[in-house]
Amino acid sequence: MSGSPFGWKSVVVMGVFAGALQAEGMNFGEVSYRSKADDSMQSAMFYAPKTGEPVPLVVALHTWSGDFRQEHHKPIREWCMKKGWAYIHPDFRGPARRPEATGSDLVVGDIVSAVEYAQKATRIQDDAVFLVGTSGGGYHCLVMAGRHPELFAGISAWASISDLRAWYHDNLRSGRRYWSDIVKSCGGKPGDSRTVDEEYRKRSPVHYLRNAKGRVRLQIATGITDGHSGSVPISHSLLAFNEVADAKDRIGLKEIAFMTREARLPDVLERAAPDPSFGDKQPIFRRSSATAAVTIFDGGHEIIPAAAIAWMEGLHAERK
């Protein structure tokens, strides 16, 4: 969404509404903030704990077809409210089906500005800003990892898209509708023109994710059946990990193809150790390298909120 769809009066009302919530001690509601990308007003759901001490901040990103009102990450928001962490859920141009959305410079500016808004609205620990997202939100987590790794202490990307050209063809093969969203966002199909192909490249984090290597802690995770029961093949997560891994730790293309096709672990790869934070959807494969880790768990196209929370909480504890 570019600015408030209801005009300046609505912006004022939202500001009053947010203020009323804080006055009542709820500290959670809809806010508007100015994006440095184009000086437009953007919307977000925001929680600020009442405390005089600096607190960590979680920035949660909505899914591909969602917007800032989406409840997909409600368990994480509720945990933040219980824990006393700040939380912001920005719109960043709404569903990913327009050039203004889908990994654009506007999106990047909106997310950076959401962090800055939270830092001005309450006291935030500068070294404790975390980013989390699922599906299209996971995709935008990878975009931000490549574009602004310095902004975050940790980025948790679940069921992520890493290459729009590859995902376009994935959707054609699977019969899912998202290929048309990609075409609308990039101005055409892959191969239509050099201009269109450049849009696919610059909106695909796999091409610049290496900028994050060694600069931000990165959790990449997805379920083994994604791409079969879900919409994003696990190759996207595995290839994203390879971009931020040391050469000796990269996953072989043959093994990636096998796991993506068969939805199971090849014999040549060691099964992951148990992780209580994943509950009944335990890790099947896990590998760490430099400042990144990838986990393929026994599930589908989803986030395991408890695992994302445990990872962020663990990183924060390390920094104390």
# chains A, B, ... in the order shown; residues from 1 in each chain; ligands from 1

call {"tool": "residues_around", "arguments": {"residues": "stretch 102-104 of chain A", "least_positions_apart": "3", "cutoff": "12 Å", "atoms": "only C-alpha atoms", "output": "VMD selection string"}}
result
chain A and resid 37 62 to 66 91 to 99 107 to 111 136 to 147 161 to 164 178 181 to 187 199 to 206

call {"tool": "write_last_selection", "arguments": {"atoms": "C-alpha atoms", "output": "CSV table (one decimal), in the first residue's frame"}}
result
chain,number,residue,atom,x,y,z
A,37,ALA,CA,12.0,5.5,0.2
A,62,HIS,CA,3.8,-10.5,6.1
A,63,THR,CA,3.5,-13.3,3.6
A,64,TRP,CA,3.4,-12.9,-0.2
A,65,SER,CA,-0.3,-12.2,-0.4
A,66,GLY,CA,-0.7,-10.6,3.0
A,91,ASP,CA,2.9,-3.2,5.3
A,92,PHE,CA,5.9,-2.6,2.9
A,93,ARG,CA,3.6,-2.0,-0.1
A,94,GLY,CA,1.2,-4.9,0.6
A,95,PRO,CA,0.8,-8.1,-1.5
A,96,ALA,CA,3.6,-8.9,-3.8
A,97,ARG,CA,1.9,-8.5,-7.1
A,98,ARG,CA,3.0,-5.0,-8.2
A,99,PRO,CA,6.3,-3.4,-9.3
A,107,VAL,CA,10.0,-2.2,0.0
A,108,VAL,CA,13.6,-2.0,1.3
A,109,GLY,CA,13.1,1.7,2.3
A,110,ASP,CA,9.8,0.9,4.0
A,111,ILE,CA,11.4,-1.8,6.2
A,136,GLY,CA,6.9,-14.0,0.9
A,137,GLY,CA,8.0,-12.6,4.3
A,138,GLY,CA,10.9,-15.0,4.3
A,139,TYR,CA,11.7,-13.9,0.8
A,140,HIS,CA,11.9,-10.3,2.0
A,141,CYS,CA,14.0,-11.4,4.9
A,142,LEU,CA,16.5,-12.6,2.4
A,143,VAL,CA,16.2,-9.4,0.4
A,144,MET,CA,17.0,-7.4,3.6
A,145,ALA,CA,19.9,-9.7,4.5
A,146,GLY,CA,21.5,-9.0,1.2
A,147,ARG,CA,20.6,-5.3,1.1
A,161,ILE,CA,11.8,-17.7,-2.2
A,162,SER,CA,15.3,-16.9,-3.2
A,163,ASP,CA,15.1,-16.7,-7.0
A,164,LEU,CA,12.1,-15.2,-8.8
A,178,TYR,CA,1.9,-17.0,-8.2
A,181,ASP,CA,2.1,-12.1,-9.5
A,182,ILE,CA,5.7,-12.4,-10.5
A,183,VAL,CA,5.0,-11.3,-14.1
A,184,LYS,CA,3.0,-8.3,-12.8
A,185,SER,CA,5.9,-7.4,-10.5
A,186,CYS,CA,8.7,-7.8,-13.0
A,187,GLY,CA,6.9,-6.4,-16.0
A,199,GLU,CA,14.0,-6.9,-12.8
A,200,TYR,CA,14.0,-10.6,-12.0
A,201,ARG,CA,17.7,-10.4,-11.1
A,202,LYS,CA,17.6,-7.4,-8.9
A,203,ARG,CA,14.5,-8.6,-7.0
A,204,SER,CA,16.0,-12.1,-6.4
A,205,PRO,CA,18.1,-12.2,-3.2
A,206,VAL,CA,20.2,-15.2,-4.4

call {"tool": "closest_residue", "arguments": {"among": "A:Asp298, A:Asp249, A:Glu313, A:Asp170", "to": "A:Arg261", "atoms": "only C-alpha atoms"}}
result
A:Asp170

call {"tool": "closest_residue", "arguments": {"among": "A:Glu116, A:Glu302, A:Glu30, A:Asp67", "to": "A:Gly230", "atoms": "only C-alpha atoms"}}
result
A:Glu302

call {"tool": "closest_residue", "arguments": {"among": "A:Phe152, A:Tyr208, A:Phe258, A:Trp311", "to": "A:Ile220", "atoms": "only C-alpha atoms"}}
result
A:Trp311

call {"tool": "select_by_dssp", "arguments": {"residues": "stretch 22-266 of chain A", "states": "strand (DSSP E)", "output": "VMD selection string"}}
result
chain A and resid 28 to 34 41 to 47 55 to 61 86 to 90 124 to 134 154 to 158 217 to 223

call {"tool": "write_last_selection", "arguments": {"atoms": "C-alpha atoms", "output": "PDB file, in the first residue's frame"}}
result
ATOM      1  CA  PHE A  28      -0.413  -2.016  20.576  1.00  0.00           C
ATOM      2  CA  GLY A  29      -2.189  -0.747  17.505  1.00  0.00           C
ATOM      3  CA  GLU A  30      -2.038   0.582  13.982  1.00  0.00           C
ATOM      4  CA  VAL A  31       0.436   3.371  13.290  1.00  0.00           C
ATOM      5  CA  SER A  32       1.646   5.348  10.300  1.00  0.00           C
ATOM      6  CA  TYR A  33       5.242   6.292   9.628  1.00  0.00           C
ATOM      7  CA  ARG A  34       7.063   8.140   6.881  1.00  0.00           C
ATOM      8  CA  MET A  41       3.138   7.440   4.733  1.00  0.00           C
ATOM      9  CA  GLN A  42       3.171   3.706   5.378  1.00  0.00           C
ATOM     10  CA  SER A  43       1.189   1.583   7.826  1.00  0.00           C
ATOM     11  CA  ALA A  44       2.239  -0.925  10.453  1.00  0.00           C
ATOM     12  CA  MET A  45       1.001  -2.705  13.559  1.00  0.00           C
ATOM     13  CA  PHE A  46       3.240  -1.729  16.448  1.00  0.00           C
ATOM     14  CA  TYR A  47       3.739  -2.772  20.057  1.00  0.00           C
ATOM     15  CA  VAL A  55      14.429  -3.373  24.668  1.00  0.00           C
ATOM     16  CA  PRO A  56      14.963  -5.707  21.694  1.00  0.00           C
ATOM     17  CA  LEU A  57      12.809  -5.226  18.584  1.00  0.00           C
ATOM     18  CA  VAL A  58      11.243  -7.892  16.375  1.00  0.00           C
ATOM     19  CA  VAL A  59      10.292  -6.821  12.847  1.00  0.00           C
ATOM     20  CA  ALA A  60       7.847  -9.364  11.369  1.00  0.00           C
ATOM     21  CA  LEU A  61       7.116  -9.429   7.634  1.00  0.00           C
ATOM     22  CA  ALA A  86       8.979  -4.259  20.954  1.00  0.00           C
ATOM     23  CA  TYR A  87       7.269  -5.564  17.816  1.00  0.00           C
ATOM     24  CA  ILE A  88       6.452  -4.003  14.457  1.00  0.00           C
ATOM     25  CA  HIS A  89       4.617  -5.536  11.489  1.00  0.00           C
ATOM     26  CA  PRO A  90       4.930  -3.173   8.491  1.00  0.00           C
ATOM     27  CA  ILE A 124      15.403  -0.013  21.290  1.00  0.00           C
ATOM     28  CA  GLN A 125      18.652  -1.868  21.884  1.00  0.00           C
ATOM     29  CA  ASP A 126      20.729  -1.021  18.820  1.00  0.00           C
ATOM     30  CA  ASP A 127      22.326  -4.483  18.720  1.00  0.00           C
ATOM     31  CA  ALA A 128      19.074  -6.387  19.242  1.00  0.00           C
ATOM     32  CA  VAL A 129      16.908  -5.782  16.172  1.00  0.00           C
ATOM     33  CA  PHE A 130      15.594  -9.058  14.737  1.00  0.00           C
ATOM     34  CA  LEU A 131      13.792  -9.747  11.459  1.00  0.00           C
ATOM     35  CA  VAL A 132      11.452 -12.693  10.871  1.00  0.00           C
ATOM     36  CA  GLY A 133       9.203 -13.735   7.999  1.00  0.00           C
ATOM     37  CA  THR A 134       7.522 -16.685   6.309  1.00  0.00           C
ATOM     38  CA  GLY A 154      19.582 -11.805  13.383  1.00  0.00           C
ATOM     39  CA  ILE A 155      17.322 -12.654  10.444  1.00  0.00           C
ATOM     40  CA  SER A 156      15.012 -15.670  10.556  1.00  0.00           C
ATOM     41  CA  ALA A 157      13.701 -16.623   7.090  1.00  0.00           C
ATOM     42  CA  TRP A 158      11.148 -19.433   6.746  1.00  0.00           C
ATOM     43  CA  ARG A 217      23.313 -14.144  11.854  1.00  0.00           C
ATOM     44  CA  LEU A 218      20.938 -15.878   9.473  1.00  0.00           C
ATOM     45  CA  GLN A 219      18.475 -18.685  10.179  1.00  0.00           C
ATOM     46  CA  ILE A 220      17.043 -20.288   7.020  1.00  0.00           C
ATOM     47  CA  ALA A 221      14.403 -22.981   7.507  1.00  0.00           C
ATOM     48  CA  THR A 222      11.658 -24.798   5.651  1.00  0.00           C
ATOM     49  CA  GLY A 223       9.704 -28.059   5.714  1.00  0.00           C
TER      50      GLY A 223
END

call {"tool": "select_by_dssp", "arguments": {"residues": "stretch 13-200 of chain A", "states": "helix (DSSP H, G or I)", "output": "JSON, numbers by chain"}}
result
{"A": [13, 14, 15, 16, 17, 18, 19, 20, 21, 22, 23, 74, 75, 76, 77, 78, 79, 80, 81, 82, 83, 105, 106, 107, 108, 109, 110, 111, 112, 113, 114, 115, 116, 117, 118, 119, 120, 121, 136, 137, 138, 139, 140, 141, 142, 143, 144, 145, 146, 147, 149, 150, 151, 164, 165, 166, 167, 168, 169, 170, 171, 172, 173, 174, 178, 179, 180, 181, 182, 183, 184, 185, 186, 194, 195, 196, 197, 198, 199, 200]}

call {"tool": "residues_around", "arguments": {"residues": "A:Leu269", "least_positions_apart": "3", "cutoff": "9 Å", "atoms": "only C-alpha atoms", "output": "NGL selection string"}}
result
:A and (255 or 265-266 or 285)

call {"tool": "write_last_selection", "arguments": {"atoms": "N, CA and C atoms", "output": "compact mmCIF listing (two decimals), in the first residue's frame"}}
result
# COMPACT_ATOMS: atom_id res chain seq x y z
N GLU A 255 22.62 -33.28 -4.27
CA GLU A 255 21.87 -33.53 -3.04
C GLU A 255 20.67 -32.58 -2.93
N LEU A 265 15.72 -37.19 2.86
CA LEU A 265 17.15 -36.97 2.98
C LEU A 265 17.92 -38.06 2.24
N PRO A 266 18.88 -37.70 1.38
CA PRO A 266 19.69 -38.73 0.73
C PRO A 266 20.61 -39.40 1.74
N PHE A 285 17.51 -32.21 8.32
CA PHE A 285 18.86 -31.85 7.87
C PHE A 285 19.20 -30.47 8.40

call {"tool": "closest_residue", "arguments": {"among": "A:Arg215, A:Ile224, A:Ala308, A:Ala257", "to": "A:Pro283", "atoms": "only C-alpha atoms"}}
result
A:Ile224

call {"tool": "closest_residue", "arguments": {"among": "A:His72, A:Lys82, A:Lys36, A:Arg77", "to": "A:Ser113", "atoms": "only C-alpha atoms"}}
result
A:Lys36

call {"tool": "closest_residue", "arguments": {"among": "A:Ser231, A:Gln119, A:Ser40, A:Ser288", "to": "A:Ser174", "atoms": "only C-alpha atoms"}}
result
A:Ser231

call {"tool": "atom_distance", "arguments": {"atom1": "atom CA of A:Leu151", "atom2": "atom CA of A:Asp197"}}
result
28.7 Å
